[in-house]
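For reference, the structure is listed below as structure tokens.
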Amino acid sequence: MDVRETTLQELLGGPKQYLVPLYQRPYAWEVRQRKRLWSDILELAETRRTNPSATHFMGSLVLSTGAIVPTGMEFLVVDGQQRLTTLTLLLCALRDYLRIHRSNEPMLADSIHEQYIADRFKPGDARLKLLPTQADRDAFRAIVDGAVGADSASGVGDAYSFFRRELEQADAPEDQHDIDRIREAVLGGLSFVSITARDEDNVYRIFESLNNTGLRLTQGDLVRNYLFMRLGSRGESVYSSWWLPMQQRLSVNDLELIFWLDAVADEPLLKQGDIYSYQQTRLARMDDQAVLGEIERFSRLSEHLELVRDPSRESDATVRRHLQHLAEWGSATTVPLTLRLLARRAAGSSSTEEVAGALAAIESYIVRRTIGGRPGQGLNRTILQACGELDDRPVDRVLLDYFSSGRKYFATDEQVREAVRSQPFYLRGLRTQQKLILKWISQSINPREEVDVDQSTIEHILPQTITPEWSAELEADLDDGETVEALHEQLVHCLGNLTLTGYNSQLSNRPFAAKQGDYRRSSFTALNELVLGAERWGRTEILARGAWFADRIIEQWIGPNEHAQPTTAGRDWSVVHQAIMAIPAGRWSSYGDVASLVGTHPVPLGVHLASTPIPGAHRVLQGGGTISTGFRWPDPADDRDPRTVLEEEGLRFGENGTADETARLATADLAERIGLLVDEATTDPVADGTFFGQLAGSNPSAVVDAVDRLFTDWRELGGTIDFGSGRESSAFMTAPRRSPAGPSHWPFSIYPIAGSVEVVFQHLRVRPPFDDLALRQEFRDRLNAVRGIDLPTSRIDKRPSFPLEVLTDEQSKNGVISSLHWFVDKVLGGTSDEEHTA
């Protein structure tokens, strides 16, 4: 190999052309990558004012020598095409900026164009210094030629537009040379290591194994590259006929998804990080003709995936409705099964009616399972394994039989009625899926009623925070020995007490009569018929509306086959056991709080606890915060005073013998602690590229567990986690604010694919109190005291990082948490500056 350091000026200057091979992915850099590059360029341009020889290292470019033609030398870009394409687009933006703002010096723009973008003495595409992959060529040519629509919505168009905007902002009227410094920094200050492989080198092996400094190769990229390397000279025609249409149908994430969806239909436990190894092993056993057939099959699968993504394309109304519902539900694990069904219909082995019935069975199963209180556990595996059940029988019958057998929790009509009556629907599963069930019930009653789930929230008619007026309302419904508090916990989260609204914060805990007036003006009239006709709102009304809901659910979603056995025998106490063991030392919960998790009464819960030893059961108290007179330790010989034990654990009691109310964990708190309330940002990782999916696909399980524990500790400090929406879904750890109007602070940004924790000093330097350099230095020093972290002094105003693996060491993780404790203390105790709001 020929290895040497070079610059963009040297790379693009002279009679050379860089060709991006077909096996490369299309342009994929997004705003985050472009912003980081632009920030580095601005910093370099500023540094070169006093140090003209300063450079910024851009990583390696791996090239393969191509043909020597009369017009010069051709190179294949094996690795680095994202950076090379981005920088060429930046040069185009700089050229066009100079044409407008320095029109009196036309040679400035012309020299950039003719030396580094396109050679006017060469014909056709041979004139282009860089020829991108086929999918990007039209948009790229338009930018090079300054055509109308050059800043299109394509990836290269977005990048070009980004740099045009940034150049406008960077040009300070008082500085006549700022754009010149940027041009010189780009052409002469960006440093690369150019690795040019000899003809005999296996350039694909180099490409496959490289871990570049731009945007990492996805599993889908590797599969595509392998396929086209197998095809050799036939690749061009196959690319145009089959691959490019598929690539145009799908997003970058969906292109990878198609390979996973195909694989998990046969291997349900396959992880995202294993897609390439699975597909490569399978394809390696095939001859080249069979590989060609696989590309055609993947392309046809993409047509079905396009239909799954956009059900409006479906001609059959029933199939279209079920596809729309499954798309709204948003579960990636239903897609492989759906694709199999659509492929069978396309092949003529299943009729449209059978496919409609099969989709109805899938939808009914997931809805009834959710209603029954089992939204998550084991659902993914159950649905994926259904792919292997499809045989020569009608697919609708096969799937209904499959979901109805064994312990799959396909709720019967009786179980639906019981769950709606007693289970806390609001505390189970994903909030968006809860809203969807309400939406679909509303639409079944009034199909013309528009329900925008994104713009609506779930409203508790009986409010979550009880007021004296609502307390008086419930007193009329009390049974002997029952408290208002216990009855409220039993009713408040039940389906019969829930509706949809577009103005939840305005309704809040207002009196029932006032809420009725708002409901009459609401667009969700189909859900509120019984509410509007009620004279009051208490136990009787909530249970009656729950029964109404149960009738709608049973009518709309088919139940399991009659021969199906109940999925549970008796009450499932496992949720109760989890909740009690999740109550930490120094905290307490009541029998009513715990009982409401499973829709039972405090009395049967007390009977169960009396006969079942559960660690932490002494932390379950009576509703008023007093210890039950019937409490006994599991060991009859244990004569400890439970109050003394609780006080030793840190729980305070008042003079009247009641536990500190602020230390109480209500039903909703318990549900969150044991995961009944699902974090929507961590579900279906492969479908939408969410943070935890990318984390699990790119890192060992120990790293995933460590990050999960870090987030848990951060939330206990009062912090929140926000997730980015880019190709690499970063996580931002945002600290609690000192005041609502105060600035936001986030110490860390975590990148799951890169496997790094970025310490964002650059963000903190304009956020009081960390605009004080001494505080940023102290934060760095505290982190550097942790084994495995070494943040350089020179990066105190930048974004240095440390590897996620550091968190897998318990001592190191504790050191990081200790540093975050200090950070939050400084945020909450620092001087607020209202001029520096986020």
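For the structure tokens, the naming scheme is as follows: chains receive sequential letters (A, B, ...) according to their order of presentation, residues are indexed from 1 within each chain, and ligands are indexed from 1 in presentation order.
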
Backbone DSSP call of helix (DSSP H, G or I) for region 92-178 of chain A, listed as JSON, numbers by chain: {"A": [92, 93, 94, 95, 96, 97, 98, 99, 100, 101, 106, 107, 108, 109, 110, 111, 112, 113, 114, 115, 116, 117, 124, 125, 126, 127, 134, 135, 136, 137, 138, 139, 140, 141, 142, 143, 144, 155, 156, 157, 158, 159, 160, 161, 162, 163, 164, 165, 166, 167, 168, 169, 170, 178]}

With only C-alpha atoms as the basis for distance, which of A:Ser154, A:Arg285, A:His304, A:Pro752 is at the shortest distance from Arg345 (chain A)? A:His304

Need to verify the contact set: region 538-550 of chain A, 7 Å, only C-alpha atoms, exclusion of same-chain residues closer than 2 positions in sequence. Can you return it as a list of chain:residue names?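 Skipping anything fewer than 2 positions along the chain leaves A:Val416, A:Arg417, A:Val420, A:Arg421, A:Glu473, A:Leu474, A:Asp477, A:Leu495, A:Gly496, A:Asn497, A:Leu530, A:Arg536, A:Arg552, A:Ile553, A:Ile554.
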
For the residues selected in the previous step, produce a file with N, CA, C and O atoms as a CSV table (one decimal), in the first residue's frame.
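Contents of the output file again-v1.csv:
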chain,number,residue,atom,x,y,z
A,416,VAL,N,-61.3,-10.0,29.6
A,416,VAL,CA,-61.4,-8.6,29.2
A,416,VAL,C,-62.3,-7.9,30.2
A,416,VAL,O,-62.0,-6.8,30.7
A,417,ARG,N,-63.5,-8.4,30.5
A,417,ARG,CA,-64.4,-7.7,31.4
A,417,ARG,C,-63.8,-7.5,32.8
A,417,ARG,O,-64.0,-6.4,33.4
A,420,VAL,N,-60.9,-4.8,32.6
A,420,VAL,CA,-61.4,-3.4,32.4
A,420,VAL,C,-62.1,-3.0,33.7
A,420,VAL,O,-62.0,-1.8,34.1
A,421,ARG,N,-62.7,-3.9,34.4
A,421,ARG,CA,-63.3,-3.5,35.7
A,421,ARG,C,-62.3,-3.1,36.8
A,421,ARG,O,-62.5,-2.2,37.6
A,473,GLU,N,-67.5,13.7,47.0
A,473,GLU,CA,-68.2,12.9,46.0
A,473,GLU,C,-68.0,11.4,46.2
A,473,GLU,O,-69.0,10.6,46.1
A,474,LEU,N,-66.8,11.0,46.6
A,474,LEU,CA,-66.5,9.6,46.7
A,474,LEU,C,-67.0,9.0,48.1
A,474,LEU,O,-67.3,7.8,48.2
A,477,ASP,N,-69.9,6.7,48.1
A,477,ASP,CA,-69.8,5.3,47.6
A,477,ASP,C,-69.0,4.4,48.5
A,477,ASP,O,-68.8,3.2,48.1
A,495,LEU,N,-59.9,1.9,33.1
A,495,LEU,CA,-60.3,2.3,31.8
A,495,LEU,C,-61.6,3.1,31.8
A,495,LEU,O,-61.8,4.1,31.0
A,496,GLY,N,-62.5,2.7,32.7
A,496,GLY,CA,-63.8,3.4,32.7
A,496,GLY,C,-63.7,4.9,33.2
A,496,GLY,O,-64.7,5.6,33.0
A,497,ASN,N,-62.6,5.2,33.7
A,497,ASN,CA,-62.4,6.6,34.2
A,497,ASN,C,-61.5,7.4,33.2
A,497,ASN,O,-61.2,8.6,33.6
A,530,LEU,N,-71.6,8.4,28.0
A,530,LEU,CA,-72.0,8.1,29.3
A,530,LEU,C,-71.6,9.1,30.3
A,530,LEU,O,-72.2,9.4,31.3
A,536,ARG,N,-73.5,12.5,38.3
A,536,ARG,CA,-72.4,12.6,39.2
A,536,ARG,C,-71.3,11.6,38.7
A,536,ARG,O,-71.6,10.9,37.7
A,552,ARG,N,-67.5,-2.9,23.9
A,552,ARG,CA,-66.9,-2.4,22.6
A,552,ARG,C,-65.6,-3.2,22.2
A,552,ARG,O,-65.4,-3.5,21.1
A,553,ILE,N,-64.8,-3.5,23.2
A,553,ILE,CA,-63.6,-4.3,22.9
A,553,ILE,C,-63.9,-5.7,22.4
A,553,ILE,O,-63.3,-6.2,21.5
A,554,ILE,N,-64.8,-6.3,23.1
A,554,ILE,CA,-65.2,-7.7,22.7
A,554,ILE,C,-65.8,-7.8,21.3
A,554,ILE,O,-65.6,-8.7,20.5

Excluding Phe162 (chain A) and residues on its chain fewer than 5 positions from it, collect all residues at most 10 Å away from it, counting only C-alpha atoms, and give them as a PyMOL selection string. chain A and resi 31+34-35+38+89-90+93+151+156-157+167

If you run DSSP on the backbone here, which positions in region 404-542 of chain A get strand (DSSP E or B)? Please write them as a tab-separated table (two decimals) with N, CA, C and O atoms, in the first residue's frame.
chain	number	residue	atom	x	y	z
A	429	GLY	N	-48.03	-0.39	30.16
A	429	GLY	CA	-47.59	-0.30	28.78
A	429	GLY	C	-47.30	1.11	28.29
A	429	GLY	O	-47.05	2.03	29.05
A	457	THR	N	-54.18	13.94	24.88
A	457	THR	CA	-53.65	13.29	26.06
A	457	THR	C	-54.76	12.49	26.71
A	457	THR	O	-55.95	12.68	26.43
A	458	ILE	N	-54.37	11.56	27.58
A	458	ILE	CA	-55.36	10.79	28.33
A	458	ILE	C	-55.78	11.60	29.55
A	458	ILE	O	-54.94	12.07	30.32
A	459	GLU	N	-57.07	11.76	29.70
A	459	GLU	CA	-57.64	12.55	30.79
A	459	GLU	C	-58.30	11.63	31.81
A	459	GLU	O	-59.06	10.73	31.47
A	460	HIS	N	-57.98	11.83	33.08
A	460	HIS	CA	-58.67	11.15	34.18
A	460	HIS	C	-59.89	11.98	34.55
A	460	HIS	O	-59.76	13.13	34.98
A	498	LEU	N	-61.22	6.90	32.08
A	498	LEU	CA	-60.30	7.59	31.18
A	498	LEU	C	-61.00	8.04	29.91
A	498	LEU	O	-61.92	7.39	29.43
A	499	THR	N	-60.53	9.13	29.35
A	499	THR	CA	-61.00	9.60	28.06
A	499	THR	C	-59.85	10.33	27.37
A	499	THR	O	-58.74	10.41	27.91
A	500	LEU	N	-60.08	10.82	26.19
A	500	LEU	CA	-59.09	11.61	25.46
A	500	LEU	C	-59.50	13.08	25.46
A	500	LEU	O	-60.69	13.41	25.41
A	501	THR	N	-58.51	13.94	25.50
A	501	THR	CA	-58.79	15.37	25.45
A	501	THR	C	-57.64	16.08	24.79
A	501	THR	O	-56.51	15.58	24.77
